[in-house]
Structure formats: structure tokens, C-alpha cells
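Here's the structure we're looking at; comments come further down.
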Amino acid sequence: METRSLTPVRTAAYRRLLAVFAALFAVLWAVTTGPSATAMAADDGLRSLFASENRGIRTSERVVAVTFNAAWNDAGLDPVLDELARRHAPATFFLTGDFADRHPQVVKRIATAGHGLGNHSYSHPYFADLTAAGRREEVQAADRALRTAGAGAALTPYFRFPYSETSPEHITEVNALGFADIEFTTDTNGWMGTEGGMTVDRAVGRALDALRPGGIIQMHIGAPEGRTEVLDAQALPRILEAIGTRGYRVIDLRTLLTTPPAPRTR
């Protein structure tokens, strides 16, 4: 009789214990696997971006996204963050893992300012020159570096290919790791600097000439080869001013994860 009376109690206790273990396992799985498992399993918004290089947002609304790459230095970071804050404009910053290792304070500042952080590979190589394993390591090493640097909740499941050189095969590989490829509609080319024949006027012109619903603008927060002049930082106030004047608003790319873009049209 005693054994029979305790059986339901023991069964309930075992079930509760199993539920606790299952919950702990789910948490550990999410923490250790990163975006590759959790995002693909539950994010309809993310999956809607797969199998595409996403050079624009699929929408008819007068909205645009502002993005910045970083692989060299952070010479233009202060004026960029100041202007974005002044305009209450969100942005997504695609950083290389090498940059995150060298500038963890920049990662934290961007996250604290409320902007999104994306993956731009670890060392910015030409992906076509790598093996599949090499490409996978570039993506995963950058993800680890950003997390270690303190990206926290600001980290997005977005990847931008070095040199914007994509292929269906490489996009499929990145998608399999849990990342959507986010490229751009236009690059201001401000990164070229005056040495490369660019000016602030030309950078502004390139951004505005490509202004259209769902456009994605690419800029940079640093300058190559040790230069400190960052034309994009100088051009940003004029670009944001013109975006508003022309009836557009800047949106956060992270909203695509909760509000999937419109279906692709044939």
C-alpha cells in the first residue's frame, strides 16, 4: 500500500525534475550554439531573408537603412555616433572580428548607444579564395570576437561579405550558420578618401542618388592605411538631413526580424 500511494508523488517529482533539466538544456544549447541554432529554429523574419543577398529592403514605404563597416580604425566613430544620437537615427555596424579584438571599447560603445552590430568576417578576406571550412571559420571567429568584446543583445544574425562579393553557394553556407546576408543598395565610397578622388559632396551625392524605398546605405567609420580623415563622418549630417527632407525615415534593420519584408516578386 505504501509503495502504491507514493508512486504518483514520485512520478510527479520525476516529471518536474525532467522539466527542470530540459529547461536548463535549452538555455545551455542557446548560449553555446549562438545564432546558428536558435535563429533558424524560431525566426520567420530571419528565414525570410535567406537565399538572397538582400541589397535592399522589400518594401514600398519611404524608409531606408543606414549601415557602417569597420575593419581599419575608428577615426570617425565619435562624430558618427554623435550625429546618429542627435537625429535619433538607428544604424547597423558591421565589424570584422579582428577589429572587435583590437577595439572592444568600440563594440561596447555601439551597443550602449542602442545600435545593431553585424558580422563582417574575421579578417576581411576574399571568400572565393577560401575553402568552405575557411569561410565557416571566418564567420564563426568573427561572431566569437564580437561576443567576447561585449556585443551582447546588440548582436544581430546579419552577415556582410567582405568586398560585397557574394555567390549563391556562399550565401547558402552563411545561411546554414544562422546568418542572413545583408549587403547594400549603394556605397558612398567615402572610404576612398580625397586620395582616391572622393569628396564629401560626392559621398553625399552617391547616397542621395540611390535613395529609394527600402534602400540600404553603406558607409565606413574608419579610413585605411592609417589615414584619419573620414569623409563618411563628414557627409553623414547632410545625408540624414536630406533623407528627412525628401520624406524618408531611417529604420532599424533589426525590425526585419520581427516584421518580415514583403514577399519577393517575380
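Identifiers in this document derive from the order of the C-alpha cells: chains are assigned A, B, ..., residues are numbered from 1 separately in each chain, and ligands are numbered from 1 in order of occurrence.
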Neighbours of stretch 210-227 of chain A within 8 Å (only C-alpha atoms; same-chain residues fewer than 5 positions away dropped), as JSON, numbers by chain?
{"A": [55, 56, 57, 58, 59, 60, 61, 62, 63, 64, 65, 66, 67, 68, 69, 70, 71, 72, 73, 74, 75, 76, 77, 80, 183, 184, 185, 186, 187, 188, 189, 190, 191, 192, 193, 232, 233, 243]}
Go through stretch 28-238 of chain A and collect every residue that DSSP, computed from the backbone, puts in helix (DSSP H, G or I); the answer should be as a PDB file with C-alpha atoms, in the first residue's frame.
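Output file out35.pdb follows:
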ATOM      1  CA  LEU A  28      22.734  25.921 -22.445  1.00  0.00           C
ATOM      2  CA  TRP A  29      22.012  24.982 -26.066  1.00  0.00           C
ATOM      3  CA  ALA A  30      21.025  28.541 -26.946  1.00  0.00           C
ATOM      4  CA  VAL A  31      24.087  30.002 -25.222  1.00  0.00           C
ATOM      5  CA  THR A  32      26.610  27.611 -26.707  1.00  0.00           C
ATOM      6  CA  THR A  33      25.293  27.359 -30.243  1.00  0.00           C
ATOM      7  CA  PRO A  35      22.527  32.241 -33.749  1.00  0.00           C
ATOM      8  CA  SER A  36      23.054  29.170 -35.907  1.00  0.00           C
ATOM      9  CA  ALA A  37      20.568  27.083 -33.891  1.00  0.00           C
ATOM     10  CA  THR A  38      18.187  29.495 -32.199  1.00  0.00           C
ATOM     11  CA  ALA A  39      17.581  31.943 -35.035  1.00  0.00           C
ATOM     12  CA  MET A  40      16.994  29.288 -37.699  1.00  0.00           C
ATOM     13  CA  ALA A  41      14.595  27.379 -35.466  1.00  0.00           C
ATOM     14  CA  ALA A  42      12.290  30.221 -34.448  1.00  0.00           C
ATOM     15  CA  ASP A  44      10.432  33.602 -39.507  1.00  0.00           C
ATOM     16  CA  GLY A  45      11.761  37.095 -40.111  1.00  0.00           C
ATOM     17  CA  LEU A  46      15.311  35.839 -40.350  1.00  0.00           C
ATOM     18  CA  ARG A  47      14.419  32.916 -42.604  1.00  0.00           C
ATOM     19  CA  LEU A  77      33.320  56.954 -34.648  1.00  0.00           C
ATOM     20  CA  ASP A  78      32.739  59.942 -32.349  1.00  0.00           C
ATOM     21  CA  PRO A  79      31.115  62.264 -34.912  1.00  0.00           C
ATOM     22  CA  VAL A  80      29.112  59.361 -36.376  1.00  0.00           C
ATOM     23  CA  LEU A  81      27.645  58.316 -33.017  1.00  0.00           C
ATOM     24  CA  ASP A  82      27.026  61.945 -32.057  1.00  0.00           C
ATOM     25  CA  GLU A  83      25.124  62.668 -35.267  1.00  0.00           C
ATOM     26  CA  LEU A  84      23.074  59.483 -35.077  1.00  0.00           C
ATOM     27  CA  ALA A  85      22.124  60.369 -31.490  1.00  0.00           C
ATOM     28  CA  ARG A  86      21.250  63.943 -32.419  1.00  0.00           C
ATOM     29  CA  ARG A  87      18.957  62.719 -35.183  1.00  0.00           C
ATOM     30  CA  GLY A  97      36.326  40.125 -35.741  1.00  0.00           C
ATOM     31  CA  ASP A  98      39.864  41.457 -35.954  1.00  0.00           C
ATOM     32  CA  PHE A  99      38.526  44.986 -35.433  1.00  0.00           C
ATOM     33  CA  ALA A 100      36.466  43.799 -32.451  1.00  0.00           C
ATOM     34  CA  ASP A 101      39.555  42.186 -30.917  1.00  0.00           C
ATOM     35  CA  ARG A 102      41.530  45.410 -31.322  1.00  0.00           C
ATOM     36  CA  PRO A 104      36.445  46.101 -27.782  1.00  0.00           C
ATOM     37  CA  GLN A 105      35.565  49.524 -26.394  1.00  0.00           C
ATOM     38  CA  VAL A 106      34.060  50.458 -29.773  1.00  0.00           C
ATOM     39  CA  VAL A 107      31.860  47.361 -29.716  1.00  0.00           C
ATOM     40  CA  LYS A 108      30.596  48.307 -26.261  1.00  0.00           C
ATOM     41  CA  ARG A 109      30.010  51.949 -27.242  1.00  0.00           C
ATOM     42  CA  ILE A 110      27.952  50.989 -30.286  1.00  0.00           C
ATOM     43  CA  ALA A 111      25.907  48.522 -28.245  1.00  0.00           C
ATOM     44  CA  THR A 112      25.376  51.017 -25.436  1.00  0.00           C
ATOM     45  CA  PHE A 127      35.779  34.405 -49.711  1.00  0.00           C
ATOM     46  CA  ALA A 128      36.262  32.871 -53.148  1.00  0.00           C
ATOM     47  CA  ASP A 129      39.879  32.183 -52.210  1.00  0.00           C
ATOM     48  CA  ALA A 132      34.222  26.008 -47.238  1.00  0.00           C
ATOM     49  CA  ALA A 133      35.834  25.288 -43.863  1.00  0.00           C
ATOM     50  CA  GLY A 134      37.820  28.503 -44.092  1.00  0.00           C
ATOM     51  CA  ARG A 135      34.724  30.544 -44.857  1.00  0.00           C
ATOM     52  CA  ARG A 136      32.881  28.947 -41.966  1.00  0.00           C
ATOM     53  CA  GLU A 137      35.717  29.772 -39.583  1.00  0.00           C
ATOM     54  CA  GLU A 138      35.791  33.403 -40.754  1.00  0.00           C
ATOM     55  CA  VAL A 139      32.116  33.805 -39.864  1.00  0.00           C
ATOM     56  CA  GLN A 140      32.270  31.927 -36.588  1.00  0.00           C
ATOM     57  CA  ALA A 141      35.521  33.551 -35.414  1.00  0.00           C
ATOM     58  CA  ALA A 142      34.040  36.999 -36.007  1.00  0.00           C
ATOM     59  CA  ASP A 143      30.918  36.017 -34.085  1.00  0.00           C
ATOM     60  CA  ARG A 144      33.055  34.859 -31.145  1.00  0.00           C
ATOM     61  CA  ALA A 145      35.116  38.054 -31.217  1.00  0.00           C
ATOM     62  CA  LEU A 146      32.038  40.283 -31.187  1.00  0.00           C
ATOM     63  CA  ARG A 147      30.511  38.364 -28.304  1.00  0.00           C
ATOM     64  CA  THR A 148      33.762  38.451 -26.340  1.00  0.00           C
ATOM     65  CA  ALA A 149      34.075  42.198 -26.930  1.00  0.00           C
ATOM     66  CA  GLY A 152      25.501  41.441 -26.052  1.00  0.00           C
ATOM     67  CA  ALA A 153      21.926  41.900 -27.208  1.00  0.00           C
ATOM     68  CA  ALA A 154      23.061  44.348 -29.907  1.00  0.00           C
ATOM     69  CA  PRO A 162      33.964  41.285 -47.493  1.00  0.00           C
ATOM     70  CA  TYR A 163      34.134  43.414 -50.653  1.00  0.00           C
ATOM     71  CA  SER A 164      30.416  42.603 -51.071  1.00  0.00           C
ATOM     72  CA  PRO A 168      24.586  31.664 -54.150  1.00  0.00           C
ATOM     73  CA  GLU A 169      26.847  28.943 -52.746  1.00  0.00           C
ATOM     74  CA  HIS A 170      28.484  31.215 -50.179  1.00  0.00           C
ATOM     75  CA  ILE A 171      25.151  32.727 -49.157  1.00  0.00           C
ATOM     76  CA  THR A 172      23.807  29.219 -48.579  1.00  0.00           C
ATOM     77  CA  GLU A 173      26.816  28.466 -46.363  1.00  0.00           C
ATOM     78  CA  VAL A 174      26.251  31.617 -44.323  1.00  0.00           C
ATOM     79  CA  ASN A 175      22.533  30.876 -44.002  1.00  0.00           C
ATOM     80  CA  ALA A 176      23.368  27.394 -42.720  1.00  0.00           C
ATOM     81  CA  GLY A 190      33.769  57.837 -48.729  1.00  0.00           C
ATOM     82  CA  TRP A 191      36.297  55.246 -47.596  1.00  0.00           C
ATOM     83  CA  MET A 192      38.394  56.076 -50.657  1.00  0.00           C
ATOM     84  CA  THR A 194      40.478  62.513 -51.094  1.00  0.00           C
ATOM     85  CA  GLU A 195      43.495  60.434 -52.127  1.00  0.00           C
ATOM     86  CA  GLY A 196      41.097  58.260 -54.095  1.00  0.00           C
ATOM     87  CA  VAL A 200      32.222  64.934 -49.075  1.00  0.00           C
ATOM     88  CA  ASP A 201      29.976  66.294 -51.840  1.00  0.00           C
ATOM     89  CA  ARG A 202      30.474  63.170 -53.924  1.00  0.00           C
ATOM     90  CA  ALA A 203      29.807  60.888 -50.973  1.00  0.00           C
ATOM     91  CA  VAL A 204      26.568  62.728 -50.220  1.00  0.00           C
ATOM     92  CA  GLY A 205      25.605  62.638 -53.884  1.00  0.00           C
ATOM     93  CA  ARG A 206      26.107  58.893 -54.172  1.00  0.00           C
ATOM     94  CA  ALA A 207      23.887  58.267 -51.144  1.00  0.00           C
ATOM     95  CA  LEU A 208      21.090  60.526 -52.345  1.00  0.00           C
ATOM     96  CA  ASP A 209      21.212  59.451 -55.983  1.00  0.00           C
ATOM     97  CA  LEU A 231      34.654  61.533 -45.342  1.00  0.00           C
ATOM     98  CA  ASP A 232      31.602  59.487 -44.353  1.00  0.00           C
ATOM     99  CA  ALA A 233      31.606  61.039 -40.883  1.00  0.00           C
ATOM    100  CA  GLN A 234      31.619  64.478 -42.514  1.00  0.00           C
ATOM    101  CA  ALA A 235      28.923  63.509 -45.014  1.00  0.00           C
ATOM    102  CA  LEU A 236      26.543  61.878 -42.529  1.00  0.00           C
ATOM    103  CA  PRO A 237      24.801  65.072 -41.268  1.00  0.00           C
ATOM    104  CA  ARG A 238      23.962  66.140 -44.805  1.00  0.00           C
TER     105      ARG A 238
END
Quick one: distance from atom CA of A:Leu257 to atom CA of A:Gly244 in Å, one decimal?
24.3 Å
Using DSSP secondary structure from the backbone, list all strand (DSSP E or B) positions within stretch 7-232 of chain A, as a ChimeraX atom specification.
/A:56,63-70,92-95,116-119,155-159,180-181,186-187,215-220
One number please: atom CA of A:Ala51 to atom CA of A:Ala180, in Å, one decimal.
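If I compute the distance from atom CA of A:Ala51 to atom CA of A:Ala180, I get 8.2 Å.
Proximity to A:Gly150 was assessed for A:Ile239, A:Leu117, A:Met198, A:Ala91 counting only C-alpha atoms; the smallest distance is recorded for A:Leu117.
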I'd like the neighbourhood of A:Thr156 as a PyMOL selection string, where a residue qualifies if any of its atoms comes within 9 Å (using only C-alpha atoms), though same-chain residues fewer than 4 positions away should be ignored.
chain A and resi 35+92+116-119+179+254
Could you please take those selected residues and save all heavy atoms as a PDB file, in the first residue's frame?
ATOM      1  N   PRO A  35      23.627  32.023 -32.826  1.00  0.00           N
ATOM      2  CA  PRO A  35      22.527  32.241 -33.749  1.00  0.00           C
ATOM      3  C   PRO A  35      22.243  31.080 -34.684  1.00  0.00           C
ATOM      4  O   PRO A  35      21.155  30.950 -35.201  1.00  0.00           O
ATOM      5  CB  PRO A  35      22.982  33.483 -34.542  1.00  0.00           C
ATOM      6  CG  PRO A  35      24.468  33.458 -34.449  1.00  0.00           C
ATOM      7  CD  PRO A  35      24.758  32.906 -33.093  1.00  0.00           C
ATOM      8  N   THR A  92      23.182  50.111 -38.243  1.00  0.00           N
ATOM      9  CA  THR A  92      23.781  48.803 -38.004  1.00  0.00           C
ATOM     10  C   THR A  92      25.247  48.882 -38.393  1.00  0.00           C
ATOM     11  O   THR A  92      25.576  49.353 -39.482  1.00  0.00           O
ATOM     12  CB  THR A  92      23.083  47.704 -38.825  1.00  0.00           C
ATOM     13  OG1 THR A  92      21.682  47.708 -38.521  1.00  0.00           O
ATOM     14  CG2 THR A  92      23.654  46.330 -38.481  1.00  0.00           C
ATOM     15  N   GLY A 116      22.609  48.327 -33.805  1.00  0.00           N
ATOM     16  CA  GLY A 116      22.829  46.918 -34.059  1.00  0.00           C
ATOM     17  C   GLY A 116      24.256  46.649 -34.501  1.00  0.00           C
ATOM     18  O   GLY A 116      24.935  47.520 -35.062  1.00  0.00           O
ATOM     19  N   LEU A 117      24.716  45.436 -34.245  1.00  0.00           N
ATOM     20  CA  LEU A 117      26.054  45.005 -34.646  1.00  0.00           C
ATOM     21  C   LEU A 117      25.943  43.788 -35.557  1.00  0.00           C
ATOM     22  O   LEU A 117      25.202  42.850 -35.264  1.00  0.00           O
ATOM     23  CB  LEU A 117      26.903  44.653 -33.419  1.00  0.00           C
ATOM     24  CG  LEU A 117      27.390  45.847 -32.601  1.00  0.00           C
ATOM     25  CD1 LEU A 117      27.784  45.412 -31.189  1.00  0.00           C
ATOM     26  CD2 LEU A 117      28.586  46.512 -33.291  1.00  0.00           C
ATOM     27  N   GLY A 118      26.662  43.821 -36.676  1.00  0.00           N
ATOM     28  CA  GLY A 118      26.656  42.723 -37.622  1.00  0.00           C
ATOM     29  C   GLY A 118      28.045  42.159 -37.838  1.00  0.00           C
ATOM     30  O   GLY A 118      29.056  42.769 -37.469  1.00  0.00           O
ATOM     31  N   ASN A 119      28.082  41.004 -38.452  1.00  0.00           N
ATOM     32  CA  ASN A 119      29.303  40.231 -38.684  1.00  0.00           C
ATOM     33  C   ASN A 119      29.852  40.558 -40.080  1.00  0.00           C
ATOM     34  O   ASN A 119      29.141  40.455 -41.068  1.00  0.00           O
ATOM     35  CB  ASN A 119      28.933  38.744 -38.560  1.00  0.00           C
ATOM     36  CG  ASN A 119      30.121  37.813 -38.626  1.00  0.00           C
ATOM     37  OD1 ASN A 119      31.060  38.031 -39.379  1.00  0.00           O
ATOM     38  ND2 ASN A 119      30.054  36.738 -37.847  1.00  0.00           N
ATOM     39  N   PHE A 179      22.953  32.959 -40.301  1.00  0.00           N
ATOM     40  CA  PHE A 179      23.074  34.379 -40.624  1.00  0.00           C
ATOM     41  C   PHE A 179      22.409  34.697 -41.959  1.00  0.00           C
ATOM     42  O   PHE A 179      22.526  33.928 -42.911  1.00  0.00           O
ATOM     43  CB  PHE A 179      24.544  34.793 -40.710  1.00  0.00           C
ATOM     44  CG  PHE A 179      25.283  34.712 -39.408  1.00  0.00           C
ATOM     45  CD1 PHE A 179      25.873  33.518 -38.993  1.00  0.00           C
ATOM     46  CD2 PHE A 179      25.395  35.817 -38.576  1.00  0.00           C
ATOM     47  CE1 PHE A 179      26.552  33.428 -37.795  1.00  0.00           C
ATOM     48  CE2 PHE A 179      26.067  35.738 -37.370  1.00  0.00           C
ATOM     49  CZ  PHE A 179      26.657  34.550 -36.971  1.00  0.00           C
ATOM     50  N   ARG A 254      17.021  45.703 -37.606  1.00  0.00           N
ATOM     51  CA  ARG A 254      16.587  44.638 -36.714  1.00  0.00           C
ATOM     52  C   ARG A 254      15.075  44.448 -36.736  1.00  0.00           C
ATOM     53  O   ARG A 254      14.580  43.390 -36.335  1.00  0.00           O
ATOM     54  CB  ARG A 254      17.072  44.914 -35.286  1.00  0.00           C
ATOM     55  CG  ARG A 254      18.569  44.714 -35.118  1.00  0.00           C
ATOM     56  CD  ARG A 254      19.054  45.152 -33.757  1.00  0.00           C
ATOM     57  NE  ARG A 254      18.984  46.603 -33.594  1.00  0.00           N
ATOM     58  CZ  ARG A 254      19.452  47.259 -32.536  1.00  0.00           C
ATOM     59  NH1 ARG A 254      20.021  46.582 -31.544  1.00  0.00           N
ATOM     60  NH2 ARG A 254      19.378  48.566 -32.455  1.00  0.00           N
TER      61      ARG A 254
END
